[in-house]
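Engineer: One structure, as structure tokens, below. Some questions next.
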2 protein chains.
Amino acid sequence: MKKIVSLALAGLAATFVLPASAQFAKPEDAIKYRKNALFVMQQNFGRVAGMAAGKVPFDAKVAAESAAVADYVGKLPWAGFGPGTDKGDTKAKPEIWTNKAKFDEAAGKLQTEMGKLAAVAKTGKLDDIKVAVNAVGGACKSCHDDFRAK
Amino acid sequence: MKKIVSLALAGLAATFVLPASAQFAKPEDAIKYRKNALFVMQQNFGRVAGMAAGKVPFDAKVAAESAAVADYVGKLPWAGFGPGTDKGDTKAKPEIWTNKAKFDEAAGKLQTEMGKLAAVAKTGKLDDIKVAVNAVGGACKSCHDDFRAK
């Protein structure tokens, strides 16, 4: 048990400083955190998008659950874009930090649209889900176009 | 927009089959999903564990938020351990699938203890948080000992 807790604590005393709510031991952890959270979000969103596109059978319960997870997890990656996390194993463009207001707006747009998707997914209305999926897809693409290197 | 949605859909028509609630396009996606979700969980748990150990200053609000995220995200990885996901970039031992009842119990134990941590973290009582952190750490270690290769 002590070993596990020690592992969890490894590096926490490092001098890399972010707001307390987004404390990571190392910039690499922050980068990995945002990528991992985005992947978990994308897998859940992708499942709903697959149903919206008719690629997989529509299952209202699974769509609602997956959209809810995508909505929750979609709020997490942004803490990983703190100062000092621009270099490393990342496709993040410098504009994220040089034009932070625009980036925050784009991140907010994604979260807003994902929230709408989670809400309509609860209703089980596939036509509404399709509209919301497209809006989320648009928010993804817009942010990637501006802030993610190819 | 279409391109993004297409990307999200890539491979969803593949024949890799899991229960609808855990549909992944490829076994690699399932493996990445569980690893990514566990990392996001660990980062949030580790922050609370750091406070419990006195390695970082105790911030009740951050502890409560981080424990809540760890609790939510700690429910996600298990969908990624479906049939056919035993081979690949993973330290998962075969026992996960050959002794599934024991693995499910260990995964359940982690979720139970993380739920308790999230509950006590809301109270802001550091002594109770310490006890709950140790119980979560024990659940992590026990499962890793039995089901994760070194």
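Simple scheme: letters A, B, ... for chains in structure tokens order, numbers from 1 for residues in each chain, numbers from 1 for ligands in the order shown.
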Contacts of region 32-44 of chain A at 7 Å or less, counting only C-alpha atoms, minus same-chain residues fewer than 3 places along, as a PyMOL selection string?

Structural biologist: (chain A and resi 28-29+47-48+66-67+69-70+73-74+76-78+80) or (chain B and resi 33+36-37+40)

Engineer: Mind checking which residues fall within 12 Å of Thr85 (chain A), counting only C-alpha atoms, ignoring those fewer than 3 positions away in the same chain, and posting them as a list of chain:residue names?

Structural biologist: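 Listing them by chain and then by number gives A:Phe16, A:Val17, A:Leu18, A:Ala22, A:Phe24, A:Ala25, A:Lys26, A:Pro27, A:Glu28, A:Asp29, A:Ala30, A:Ile31, A:Lys32, A:Tyr33, A:Arg34, A:Trp78, A:Ala79, A:Gly80, A:Phe81, A:Gly82, A:Gly88, A:Asp89, A:Thr90, A:Lys91, A:Ala92, A:Lys93, A:Pro94, A:Ile96, A:Trp97.
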
Engineer: Might you pull out every residue within 6 Å of region 100-117 of chain A, with only C-alpha atoms counted and same-chain residues fewer than 5 positions away left off, and present them as a PyMOL selection string?

Structural biologist: chain A and resi 71+132+136+139+143

Engineer: Nearest to chain A among B:Arg148, B:Lys141, B:Lys75, B:Lys122, with distances taken over only C-alpha atoms: which residue is it?

Structural biologist: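 So, comparing all the options, the nearest one is B:Lys141.
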
Engineer: Near Ala52 (chain A), within 7 Å and counting only C-alpha atoms, which residues show up once chain neighbours fewer than 4 positions away are dropped, as a list in words?

Structural biologist: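 Contacts, in chain order: Val48, Leu126, Ile129 and Lys130 of chain A.
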
Engineer: Would you please extract all alpha helix (DSSP H) residues from region 38-141 of chain A, as assigned by DSSP on the backbone, and give them as a PyMOL selection string?

Structural biologist: chain A and resi 38-52+60-73+95-98+100-123+126-141

Engineer: Give me a file of those residues, with C-alpha atoms, as a PDB file, in the first residue's frame.

Structural biologist:
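Contents of result.pdb, as written:
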ATOM      1  CA  LEU A  38      -9.531  13.831 -24.881  1.00  0.00           C
ATOM      2  CA  PHE A  39      -9.193  10.207 -26.028  1.00  0.00           C
ATOM      3  CA  VAL A  40     -11.698   8.988 -23.440  1.00  0.00           C
ATOM      4  CA  MET A  41     -14.048  11.783 -24.504  1.00  0.00           C
ATOM      5  CA  GLN A  42     -13.595  10.999 -28.201  1.00  0.00           C
ATOM      6  CA  GLN A  43     -14.273   7.296 -27.749  1.00  0.00           C
ATOM      7  CA  ASN A  44     -17.568   8.058 -26.063  1.00  0.00           C
ATOM      8  CA  PHE A  45     -18.526  10.805 -28.486  1.00  0.00           C
ATOM      9  CA  GLY A  46     -17.488   8.625 -31.435  1.00  0.00           C
ATOM     10  CA  ARG A  47     -19.885   5.915 -30.316  1.00  0.00           C
ATOM     11  CA  VAL A  48     -22.791   8.365 -30.401  1.00  0.00           C
ATOM     12  CA  ALA A  49     -21.563   9.866 -33.680  1.00  0.00           C
ATOM     13  CA  GLY A  50     -21.499   6.358 -35.154  1.00  0.00           C
ATOM     14  CA  MET A  51     -25.143   5.915 -34.245  1.00  0.00           C
ATOM     15  CA  ALA A  52     -26.019   9.351 -35.598  1.00  0.00           C
ATOM     16  CA  ALA A  60     -30.794   5.038 -26.910  1.00  0.00           C
ATOM     17  CA  LYS A  61     -29.477   3.875 -23.533  1.00  0.00           C
ATOM     18  CA  VAL A  62     -25.904   3.494 -24.736  1.00  0.00           C
ATOM     19  CA  ALA A  63     -26.099   6.815 -26.585  1.00  0.00           C
ATOM     20  CA  ALA A  64     -27.305   8.598 -23.460  1.00  0.00           C
ATOM     21  CA  GLU A  65     -24.638   6.980 -21.263  1.00  0.00           C
ATOM     22  CA  SER A  66     -21.840   7.633 -23.737  1.00  0.00           C
ATOM     23  CA  ALA A  67     -22.866  11.247 -24.287  1.00  0.00           C
ATOM     24  CA  ALA A  68     -23.006  11.779 -20.523  1.00  0.00           C
ATOM     25  CA  VAL A  69     -19.474  10.416 -20.134  1.00  0.00           C
ATOM     26  CA  ALA A  70     -18.217  12.513 -23.059  1.00  0.00           C
ATOM     27  CA  ASP A  71     -19.798  15.571 -21.460  1.00  0.00           C
ATOM     28  CA  TYR A  72     -18.198  14.952 -18.062  1.00  0.00           C
ATOM     29  CA  VAL A  73     -14.775  13.947 -19.343  1.00  0.00           C
ATOM     30  CA  GLU A  95      -1.347  29.868 -30.351  1.00  0.00           C
ATOM     31  CA  ILE A  96      -2.976  28.068 -27.417  1.00  0.00           C
ATOM     32  CA  TRP A  97      -0.845  30.184 -25.121  1.00  0.00           C
ATOM     33  CA  THR A  98      -0.354  33.278 -27.284  1.00  0.00           C
ATOM     34  CA  LYS A 100      -5.424  32.043 -24.868  1.00  0.00           C
ATOM     35  CA  ALA A 101      -8.738  33.890 -24.946  1.00  0.00           C
ATOM     36  CA  LYS A 102      -9.562  32.396 -28.332  1.00  0.00           C
ATOM     37  CA  PHE A 103      -8.462  28.947 -27.218  1.00  0.00           C
ATOM     38  CA  ASP A 104     -10.541  29.149 -24.055  1.00  0.00           C
ATOM     39  CA  GLU A 105     -13.514  30.207 -26.159  1.00  0.00           C
ATOM     40  CA  ALA A 106     -13.016  27.218 -28.470  1.00  0.00           C
ATOM     41  CA  ALA A 107     -12.693  24.874 -25.505  1.00  0.00           C
ATOM     42  CA  GLY A 108     -15.818  26.403 -24.010  1.00  0.00           C
ATOM     43  CA  LYS A 109     -17.703  25.965 -27.276  1.00  0.00           C
ATOM     44  CA  LEU A 110     -16.883  22.249 -27.317  1.00  0.00           C
ATOM     45  CA  GLN A 111     -18.094  21.863 -23.748  1.00  0.00           C
ATOM     46  CA  THR A 112     -21.297  23.773 -24.499  1.00  0.00           C
ATOM     47  CA  GLU A 113     -22.091  21.663 -27.538  1.00  0.00           C
ATOM     48  CA  MET A 114     -21.223  18.426 -25.732  1.00  0.00           C
ATOM     49  CA  GLY A 115     -23.552  19.476 -22.923  1.00  0.00           C
ATOM     50  CA  LYS A 116     -26.337  19.965 -25.469  1.00  0.00           C
ATOM     51  CA  LEU A 117     -25.619  16.539 -26.946  1.00  0.00           C
ATOM     52  CA  ALA A 118     -25.782  14.919 -23.502  1.00  0.00           C
ATOM     53  CA  ALA A 119     -29.112  16.655 -22.900  1.00  0.00           C
ATOM     54  CA  VAL A 120     -30.729  15.582 -26.179  1.00  0.00           C
ATOM     55  CA  ALA A 121     -29.275  12.075 -25.903  1.00  0.00           C
ATOM     56  CA  LYS A 122     -31.326  11.658 -22.732  1.00  0.00           C
ATOM     57  CA  THR A 123     -34.483  12.217 -24.757  1.00  0.00           C
ATOM     58  CA  LEU A 126     -32.212  10.426 -32.901  1.00  0.00           C
ATOM     59  CA  ASP A 127     -32.912  13.422 -35.159  1.00  0.00           C
ATOM     60  CA  ASP A 128     -31.989  15.822 -32.372  1.00  0.00           C
ATOM     61  CA  ILE A 129     -28.924  13.734 -31.548  1.00  0.00           C
ATOM     62  CA  LYS A 130     -27.760  14.039 -35.165  1.00  0.00           C
ATOM     63  CA  VAL A 131     -27.961  17.833 -35.031  1.00  0.00           C
ATOM     64  CA  ALA A 132     -26.082  17.940 -31.727  1.00  0.00           C
ATOM     65  CA  VAL A 133     -23.417  15.496 -32.969  1.00  0.00           C
ATOM     66  CA  ASN A 134     -22.759  17.733 -35.950  1.00  0.00           C
ATOM     67  CA  ALA A 135     -22.396  20.756 -33.698  1.00  0.00           C
ATOM     68  CA  VAL A 136     -19.893  18.905 -31.512  1.00  0.00           C
ATOM     69  CA  GLY A 137     -18.001  17.759 -34.603  1.00  0.00           C
ATOM     70  CA  GLY A 138     -17.854  21.350 -35.776  1.00  0.00           C
ATOM     71  CA  ALA A 139     -16.467  22.490 -32.434  1.00  0.00           C
ATOM     72  CA  CYS A 140     -13.808  19.751 -32.543  1.00  0.00           C
ATOM     73  CA  LYS A 141     -12.754  20.649 -36.055  1.00  0.00           C
TER      74      LYS A 141
END
